[in-house]
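What follows is the content of entry02.tsv, which has TSV, C-alpha atoms:
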```
chain	number	residue	atom	x	y	z
B	1	MET	CA	-16.96	25.22	-61.74
B	2	LEU	CA	-15.15	26.83	-58.83
B	3	ALA	CA	-12.63	24.00	-58.86
B	4	LEU	CA	-11.97	24.68	-62.55
B	5	GLY	CA	-11.81	28.43	-61.90
B	6	LEU	CA	-9.23	27.89	-59.18
B	7	GLY	CA	-7.11	25.62	-61.36
B	8	ASP	CA	-4.25	26.47	-63.66
B	9	GLU	CA	-5.80	28.00	-66.78
B	10	ARG	CA	-3.28	26.16	-68.95
B	11	ARG	CA	-3.72	22.67	-67.49
B	12	PRO	CA	-6.86	20.55	-67.87
B	13	VAL	CA	-8.17	18.87	-64.73
B	14	PHE	CA	-9.41	15.29	-64.51
B	15	LEU	CA	-12.93	14.75	-63.18
B	16	LYS	CA	-11.40	12.32	-60.70
B	17	GLU	CA	-9.35	15.16	-59.17
B	18	ILE	CA	-12.38	17.44	-58.88
B	19	ALA	CA	-14.57	14.68	-57.44
B	20	ARG	CA	-11.96	13.90	-54.80
B	21	SER	CA	-11.39	17.54	-53.82
B	22	GLU	CA	-15.13	18.31	-53.70
B	23	ARG	CA	-16.00	15.01	-52.01
B	24	ILE	CA	-18.60	13.99	-54.57
B	25	SER	CA	-18.80	10.88	-56.71
B	26	GLU	CA	-17.13	10.95	-60.09
B	27	LYS	CA	-20.29	9.44	-61.61
B	28	TYR	CA	-22.41	12.33	-60.28
B	29	LEU	CA	-19.85	14.88	-61.47
B	30	SER	CA	-19.82	13.33	-64.94
B	31	GLN	CA	-23.59	13.97	-65.14
B	32	ILE	CA	-23.21	17.59	-63.98
B	33	ILE	CA	-20.52	18.33	-66.53
B	34	ILE	CA	-22.74	17.44	-69.53
B	35	PRO	CA	-25.01	20.53	-69.51
B	36	LEU	CA	-22.06	22.76	-68.58
B	37	LYS	CA	-20.17	21.47	-71.59
B	38	ALA	CA	-23.22	21.89	-73.82
B	39	GLY	CA	-23.47	25.52	-72.71
B	40	GLY	CA	-19.83	26.22	-73.56
B	41	LEU	CA	-18.89	26.80	-69.92
B	42	VAL	CA	-16.58	23.80	-69.83
B	43	ALA	CA	-14.24	22.51	-72.52
B	44	ALA	CA	-13.15	18.88	-72.74
B	45	ILE	CA	-9.57	18.25	-73.81
B	46	ARG	CA	-8.87	14.80	-75.22
B	47	GLY	CA	-5.69	12.83	-75.00
B	48	ALA	CA	-3.15	11.69	-72.44
B	49	HIS	CA	-2.90	15.16	-70.95
B	50	GLY	CA	-6.59	15.86	-71.34
B	51	GLY	CA	-9.31	16.72	-68.87
B	52	TYR	CA	-11.60	19.68	-68.38
B	53	MET	CA	-11.04	23.42	-68.41
B	54	LEU	CA	-13.23	26.49	-68.33
B	55	GLY	CA	-14.75	27.16	-71.73
B	56	ARG	CA	-14.08	30.87	-71.35
B	57	PRO	CA	-12.50	33.13	-68.73
B	58	ALA	CA	-14.06	33.03	-65.26
B	59	SER	CA	-14.71	36.77	-65.51
B	60	GLN	CA	-17.08	36.09	-68.43
B	61	ILE	CA	-19.11	33.33	-66.73
B	62	ARG	CA	-22.14	34.51	-64.77
B	63	LEU	CA	-23.45	32.35	-61.93
B	64	ARG	CA	-26.85	32.25	-63.61
B	65	GLU	CA	-25.24	30.53	-66.59
B	66	ILE	CA	-23.95	27.81	-64.26
B	67	ILE	CA	-27.05	27.28	-62.14
B	68	GLU	CA	-29.82	27.51	-64.73
B	69	PRO	CA	-28.72	24.55	-66.91
B	70	LEU	CA	-28.41	22.41	-63.79
B	71	GLU	CA	-31.52	23.50	-61.93
B	72	GLY	CA	-33.85	24.71	-64.67
B	73	ASP	CA	-36.13	27.70	-64.22
B	74	LEU	CA	-35.00	29.80	-61.26
B	75	SER	CA	-38.44	30.99	-60.18
B	76	LEU	CA	-38.92	30.30	-56.49
B	77	VAL	CA	-42.44	28.95	-57.02
B	78	ASP	CA	-44.03	27.44	-60.13
B	79	CYS	CA	-46.73	30.11	-60.50
B	80	VAL	CA	-44.12	32.81	-61.18
B	81	ALA	CA	-42.92	31.07	-64.34
B	82	ARG	CA	-46.29	29.60	-65.30
B	83	PRO	CA	-49.12	31.77	-63.90
B	84	GLU	CA	-51.67	30.08	-66.16
B	85	GLU	CA	-51.24	26.84	-64.20
B	86	CYS	CA	-52.41	28.38	-60.92
B	87	ASP	CA	-56.09	28.60	-60.02
B	88	TRP	CA	-55.33	31.39	-57.56
B	89	ASN	CA	-53.37	33.57	-59.97
B	90	ALA	CA	-56.04	36.21	-60.63
B	91	GLY	CA	-56.37	37.27	-57.01
B	92	CYS	CA	-53.10	36.08	-55.51
B	93	ILE	CA	-51.33	38.78	-53.56
B	94	THR	CA	-48.30	36.68	-52.58
B	95	ARG	CA	-47.44	35.83	-56.20
B	96	ASN	CA	-46.03	39.35	-56.58
B	97	VAL	CA	-43.76	38.75	-53.57
B	98	TRP	CA	-42.48	35.49	-55.05
B	99	ALA	CA	-42.01	37.13	-58.45
B	100	GLU	CA	-40.00	40.00	-56.96
B	101	MET	CA	-37.86	37.64	-54.87
B	102	SER	CA	-37.20	35.47	-57.93
B	103	SER	CA	-36.28	38.56	-59.93
B	104	LEU	CA	-33.83	39.73	-57.24
B	105	MET	CA	-32.19	36.32	-57.11
B	106	VAL	CA	-31.76	36.21	-60.90
B	107	GLU	CA	-30.40	39.76	-60.86
B	108	PHE	CA	-27.85	38.76	-58.21
B	109	LEU	CA	-26.79	35.66	-60.17
B	110	ASP	CA	-26.48	37.71	-63.37
B	111	GLY	CA	-24.36	40.28	-61.55
B	112	THR	CA	-21.95	37.77	-60.01
B	113	THR	CA	-19.24	36.00	-62.00
B	114	LEU	CA	-17.27	32.86	-61.37
B	115	ASP	CA	-14.24	35.13	-61.07
B	116	ASP	CA	-15.96	36.91	-58.16
B	117	LEU	CA	-16.18	33.55	-56.38
B	118	VAL	CA	-12.55	32.73	-57.18
B	119	LYS	CA	-11.45	36.05	-55.71
B	120	GLN	CA	-13.58	35.53	-52.62
B	121	TYR	CA	-12.18	32.02	-52.18
B	122	ASN	CA	-8.60	33.25	-52.49
B	123	LYS	CA	-9.28	36.08	-50.05
B	124	ASN	CA	-10.66	33.67	-47.45
B	125	ARG	CA	-8.18	30.87	-48.12
B	126	GLY	CA	-5.87	31.60	-45.21
B	127	LYS	CA	-8.65	32.13	-42.70
B	128	ALA	CA	-9.58	29.24	-40.44
B	129	ALA	CA	-13.06	27.88	-40.90
B	130	ALA	CA	-15.53	28.53	-38.11
B	131	ASP	CA	-15.75	25.69	-35.61
B	132	TYR	CA	-19.13	25.37	-33.91
B	133	SER	CA	-18.46	22.03	-32.25
B	134	ILE	CA	-18.91	21.64	-28.51
```

Write the structure described by the file as structure tokens, please.
Amino acid sequence: MLALGLGDERRPVFLKEIARSERISEKYLSQIIIPLKAGGLVAAIRGAHGGYMLGRPASQIRLREIIEPLEGDLSLVDCVARPEECDWNAGCITRNVWAEMSSLMVEFLDGTTLDDLVKQYNKNRGKAAADYSI
């Protein structure tokens, strides 16, 4: 999604280009794109000059909308989403911790847009990456 957000808004991008730049297989990327397309986050353009584009402006795409279709429920532990499945639920003190942490993560993802990532990327573009090699 970041690769699409960084691209020219008027020109579709081939999956092959994204796969190469992100160093992932095109086959894997083609599986990732399916739920993103179904959610309206990505638009497929057919034809000789086709490819993929953002389905709407990056400023209107929340990170939660990207991650949830790919990862499923964002609860950090199963008992947060499905307390009835846990034998310890009635007296579990740590469940509240997990629930609060899950809630904070979802709040962060809802409050961050793809455009925020694009801006951060562009801001850091000229900076050299940290080198921790010896």

| field | Near-Ile33 in chain B list (10 Å; only C-alpha atoms; drop same-chain fewer than 2 positions) as a PyMOL selection string | value | chain B and resi 1+15+28-31+35-39+41-44+52+70

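The gap separating CA of Gly47 in chain B from CA of Val118 in chain B is 27.6 Å, in Å to one decimal.
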
Using only C-alpha atoms, which residues sit within 8 Å of range 53-65 of chain B once same-chain residues fewer than 2 positions away are excluded, as a compact mmCIF listing (two decimals) with C-alpha atoms, in the frame of the given file?
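result03.txt was written with the following content:
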```
# COMPACT_ATOMS: atom_id res chain seq x y z
CA MET B 1 -16.96 25.22 -61.74
CA LEU B 4 -11.97 24.68 -62.55
CA GLY B 5 -11.81 28.43 -61.90
CA GLU B 9 -5.80 28.00 -66.78
CA ARG B 11 -3.72 22.67 -67.49
CA PRO B 12 -6.86 20.55 -67.87
CA VAL B 13 -8.17 18.87 -64.73
CA LYS B 37 -20.17 21.47 -71.59
CA GLY B 40 -19.83 26.22 -73.56
CA LEU B 41 -18.89 26.80 -69.92
CA VAL B 42 -16.58 23.80 -69.83
CA ALA B 43 -14.24 22.51 -72.52
CA ALA B 44 -13.15 18.88 -72.74
CA ILE B 45 -9.57 18.25 -73.81
CA GLY B 51 -9.31 16.72 -68.87
CA ILE B 67 -27.05 27.28 -62.14
CA GLU B 68 -29.82 27.51 -64.73
CA PRO B 69 -28.72 24.55 -66.91
CA VAL B 106 -31.76 36.21 -60.90
CA LEU B 109 -26.79 35.66 -60.17
CA ASP B 110 -26.48 37.71 -63.37
CA GLY B 111 -24.36 40.28 -61.55
CA THR B 112 -21.95 37.77 -60.01
CA THR B 113 -19.24 36.00 -62.00
CA LEU B 114 -17.27 32.86 -61.37
CA ASP B 115 -14.24 35.13 -61.07
CA ASP B 116 -15.96 36.91 -58.16
```

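Our summary of the geometry notes that CA of Thr94 in chain B is positioned 22.3 Å from CA of Gly72 in chain B.
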
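Put simply, CA of Asn96 in chain B is 10.1 Å away from CA of Cys79 in chain B.
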
Axis-aligned box for range 20-32 of chain B, 4 Å per side, centre and edges in Å as lines of an AutoDock Vina configuration file:
```
center_x = -17.5
center_y = 13.9
center_z = -58.6
size_x = 20.2
size_y = 16.9
size_z = 21.1
```

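For the choices B:Ala19, B:Ala48, B:Ile93, B:Met105, the atom-to-atom distance to Ser75 in chain B is smallest for B:Met105 when using only C-alpha atoms.
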
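Counting all atoms listed in the file, the residue from B:Ala81, B:Ile66, B:Leu74, B:Cys92 that sits nearest to Glu107 in chain B is B:Leu74.
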
If I only want range 5-118 of chain B, can you write it with C-alpha atoms, as a PDB file, in the first residue's frame?
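File produced: result_23.pdb:
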```pdb
ATOM      1  CA  GLY B   5       0.785   5.672  -1.997  1.00  0.00           C
ATOM      2  CA  LEU B   6       4.241   6.778  -3.094  1.00  0.00           C
ATOM      3  CA  GLY B   7       3.447   6.294  -6.774  1.00  0.00           C
ATOM      4  CA  ASP B   8       2.070   8.734  -9.282  1.00  0.00           C
ATOM      5  CA  GLU B   9      -1.654   9.056  -8.540  1.00  0.00           C
ATOM      6  CA  ARG B  10      -2.405   9.161 -12.263  1.00  0.00           C
ATOM      7  CA  ARG B  11      -0.409   6.098 -13.322  1.00  0.00           C
ATOM      8  CA  PRO B  12      -1.274   2.514 -12.390  1.00  0.00           C
ATOM      9  CA  VAL B  13       1.568   0.342 -11.137  1.00  0.00           C
ATOM     10  CA  PHE B  14       2.192  -3.265 -12.158  1.00  0.00           C
ATOM     11  CA  LEU B  15       2.401  -5.852  -9.386  1.00  0.00           C
ATOM     12  CA  LYS B  16       5.725  -6.889 -10.878  1.00  0.00           C
ATOM     13  CA  GLU B  17       7.141  -3.410 -10.157  1.00  0.00           C
ATOM     14  CA  ILE B  18       5.905  -3.439  -6.563  1.00  0.00           C
ATOM     15  CA  ALA B  19       7.151  -6.983  -5.959  1.00  0.00           C
ATOM     16  CA  ARG B  20      10.596  -6.060  -7.245  1.00  0.00           C
ATOM     17  CA  SER B  21      10.844  -2.841  -5.217  1.00  0.00           C
ATOM     18  CA  GLU B  22       9.561  -4.502  -2.024  1.00  0.00           C
ATOM     19  CA  ARG B  23      11.595  -7.678  -2.584  1.00  0.00           C
ATOM     20  CA  ILE B  24       8.636 -10.026  -2.281  1.00  0.00           C
ATOM     21  CA  SER B  25       7.325 -12.585  -4.737  1.00  0.00           C
ATOM     22  CA  GLU B  26       4.748 -11.469  -7.247  1.00  0.00           C
ATOM     23  CA  LYS B  27       2.680 -14.560  -6.401  1.00  0.00           C
ATOM     24  CA  TYR B  28       2.546 -13.573  -2.714  1.00  0.00           C
ATOM     25  CA  LEU B  29       1.691  -9.977  -3.612  1.00  0.00           C
ATOM     26  CA  SER B  30      -1.125 -11.136  -5.884  1.00  0.00           C
ATOM     27  CA  GLN B  31      -2.675 -12.914  -2.871  1.00  0.00           C
ATOM     28  CA  ILE B  32      -2.315  -9.832  -0.645  1.00  0.00           C
ATOM     29  CA  ILE B  33      -3.961  -7.566  -3.197  1.00  0.00           C
ATOM     30  CA  ILE B  34      -7.220  -9.578  -3.278  1.00  0.00           C
ATOM     31  CA  PRO B  35      -8.652  -8.502   0.123  1.00  0.00           C
ATOM     32  CA  LEU B  36      -7.356  -4.955  -0.395  1.00  0.00           C
ATOM     33  CA  LYS B  37      -9.208  -4.783  -3.687  1.00  0.00           C
ATOM     34  CA  ALA B  38     -12.343  -6.268  -2.126  1.00  0.00           C
ATOM     35  CA  GLY B  39     -12.241  -3.554   0.544  1.00  0.00           C
ATOM     36  CA  GLY B  40     -12.001  -0.777  -2.047  1.00  0.00           C
ATOM     37  CA  LEU B  41      -8.491   0.202  -0.956  1.00  0.00           C
ATOM     38  CA  VAL B  42      -6.967  -0.779  -4.283  1.00  0.00           C
ATOM     39  CA  ALA B  43      -8.384  -0.344  -7.777  1.00  0.00           C
ATOM     40  CA  ALA B  44      -7.399  -2.558 -10.694  1.00  0.00           C
ATOM     41  CA  ILE B  45      -7.074  -0.866 -14.071  1.00  0.00           C
ATOM     42  CA  ARG B  46      -7.349  -3.163 -17.078  1.00  0.00           C
ATOM     43  CA  GLY B  47      -5.666  -2.802 -20.409  1.00  0.00           C
ATOM     44  CA  ALA B  48      -2.240  -2.200 -21.873  1.00  0.00           C
ATOM     45  CA  HIS B  49      -1.583   0.690 -19.512  1.00  0.00           C
ATOM     46  CA  GLY B  50      -3.298  -0.991 -16.595  1.00  0.00           C
ATOM     47  CA  GLY B  51      -2.112  -1.996 -13.162  1.00  0.00           C
ATOM     48  CA  TYR B  52      -3.078  -1.045  -9.641  1.00  0.00           C
ATOM     49  CA  MET B  53      -3.790   2.267  -7.958  1.00  0.00           C
ATOM     50  CA  LEU B  54      -5.133   3.367  -4.612  1.00  0.00           C
ATOM     51  CA  GLY B  55      -8.898   3.022  -4.477  1.00  0.00           C
ATOM     52  CA  ARG B  56      -9.182   6.374  -2.723  1.00  0.00           C
ATOM     53  CA  PRO B  57      -6.789   9.095  -1.559  1.00  0.00           C
ATOM     54  CA  ALA B  58      -4.088   8.014   0.888  1.00  0.00           C
ATOM     55  CA  SER B  59      -5.388  10.595   3.366  1.00  0.00           C
ATOM     56  CA  GLN B  60      -8.676   8.656   3.546  1.00  0.00           C
ATOM     57  CA  ILE B  61      -7.138   5.211   4.139  1.00  0.00           C
ATOM     58  CA  ARG B  62      -6.586   4.280   7.779  1.00  0.00           C
ATOM     59  CA  LEU B  63      -3.909   1.726   8.642  1.00  0.00           C
ATOM     60  CA  ARG B  64      -6.525  -0.397  10.385  1.00  0.00           C
ATOM     61  CA  GLU B  65      -8.347  -0.744   7.061  1.00  0.00           C
ATOM     62  CA  ILE B  66      -5.168  -2.153   5.530  1.00  0.00           C
ATOM     63  CA  ILE B  67      -4.098  -4.489   8.319  1.00  0.00           C
ATOM     64  CA  GLU B  68      -7.425  -5.951   9.432  1.00  0.00           C
ATOM     65  CA  PRO B  69      -8.394  -7.597   6.102  1.00  0.00           C
ATOM     66  CA  LEU B  70      -4.936  -9.162   5.908  1.00  0.00           C
ATOM     67  CA  GLU B  71      -4.483 -10.215   9.521  1.00  0.00           C
ATOM     68  CA  GLY B  72      -8.033 -10.627  10.804  1.00  0.00           C
ATOM     69  CA  ASP B  73      -9.041  -9.641  14.320  1.00  0.00           C
ATOM     70  CA  LEU B  74      -6.445  -7.333  15.853  1.00  0.00           C
ATOM     71  CA  SER B  75      -6.841  -8.492  19.446  1.00  0.00           C
ATOM     72  CA  LEU B  76      -3.447  -9.386  20.864  1.00  0.00           C
ATOM     73  CA  VAL B  77      -4.767 -12.587  22.454  1.00  0.00           C
ATOM     74  CA  ASP B  78      -7.784 -14.706  21.529  1.00  0.00           C
ATOM     75  CA  CYS B  79      -9.613 -14.225  24.837  1.00  0.00           C
ATOM     76  CA  VAL B  80     -10.013 -10.486  24.195  1.00  0.00           C
ATOM     77  CA  ALA B  81     -12.125 -11.082  21.094  1.00  0.00           C
ATOM     78  CA  ARG B  82     -13.762 -14.290  22.328  1.00  0.00           C
ATOM     79  CA  PRO B  83     -13.885 -14.308  26.160  1.00  0.00           C
ATOM     80  CA  GLU B  84     -16.398 -17.160  26.168  1.00  0.00           C
ATOM     81  CA  GLU B  85     -13.712 -19.502  24.810  1.00  0.00           C
ATOM     82  CA  CYS B  86     -11.434 -19.040  27.816  1.00  0.00           C
ATOM     83  CA  ASP B  87     -11.847 -21.112  30.969  1.00  0.00           C
ATOM     84  CA  TRP B  88      -9.989 -18.472  32.970  1.00  0.00           C
ATOM     85  CA  ASN B  89     -12.066 -15.508  31.815  1.00  0.00           C
ATOM     86  CA  ALA B  90     -14.142 -15.028  34.974  1.00  0.00           C
ATOM     87  CA  GLY B  91     -11.172 -14.446  37.247  1.00  0.00           C
ATOM     88  CA  CYS B  92      -8.463 -13.428  34.799  1.00  0.00           C
ATOM     89  CA  ILE B  93      -6.729 -10.233  35.809  1.00  0.00           C
ATOM     90  CA  THR B  94      -4.367 -10.079  32.813  1.00  0.00           C
ATOM     91  CA  ARG B  95      -7.214 -10.174  30.273  1.00  0.00           C
ATOM     92  CA  ASN B  96      -7.909  -6.513  31.082  1.00  0.00           C
ATOM     93  CA  VAL B  97      -4.278  -5.655  30.296  1.00  0.00           C
ATOM     94  CA  TRP B  98      -4.473  -7.447  26.945  1.00  0.00           C
ATOM     95  CA  ALA B  99      -7.814  -5.811  26.175  1.00  0.00           C
ATOM     96  CA  GLU B 100      -6.459  -2.328  26.923  1.00  0.00           C
ATOM     97  CA  MET B 101      -3.307  -2.936  24.871  1.00  0.00           C
ATOM     98  CA  SER B 102      -5.405  -4.211  21.962  1.00  0.00           C
ATOM     99  CA  SER B 103      -7.652  -1.164  22.236  1.00  0.00           C
ATOM    100  CA  LEU B 104      -4.667   1.209  22.186  1.00  0.00           C
ATOM    101  CA  MET B 105      -3.226  -0.509  19.126  1.00  0.00           C
ATOM    102  CA  VAL B 106      -6.540  -0.279  17.246  1.00  0.00           C
ATOM    103  CA  GLU B 107      -6.883   3.366  18.279  1.00  0.00           C
ATOM    104  CA  PHE B 108      -3.395   4.086  16.912  1.00  0.00           C
ATOM    105  CA  LEU B 109      -4.134   2.298  13.625  1.00  0.00           C
ATOM    106  CA  ASP B 110      -7.443   4.159  13.277  1.00  0.00           C
ATOM    107  CA  GLY B 111      -5.682   7.459  13.909  1.00  0.00           C
ATOM    108  CA  THR B 112      -2.910   6.911  11.360  1.00  0.00           C
ATOM    109  CA  THR B 113      -3.449   7.175   7.615  1.00  0.00           C
ATOM    110  CA  LEU B 114      -1.518   5.871   4.666  1.00  0.00           C
ATOM    111  CA  ASP B 115      -0.778   9.512   3.865  1.00  0.00           C
ATOM    112  CA  ASP B 116       0.923   9.836   7.271  1.00  0.00           C
ATOM    113  CA  LEU B 117       3.260   7.004   6.241  1.00  0.00           C
ATOM    114  CA  VAL B 118       3.886   8.575   2.827  1.00  0.00           C
TER     115      VAL B 118
END
```
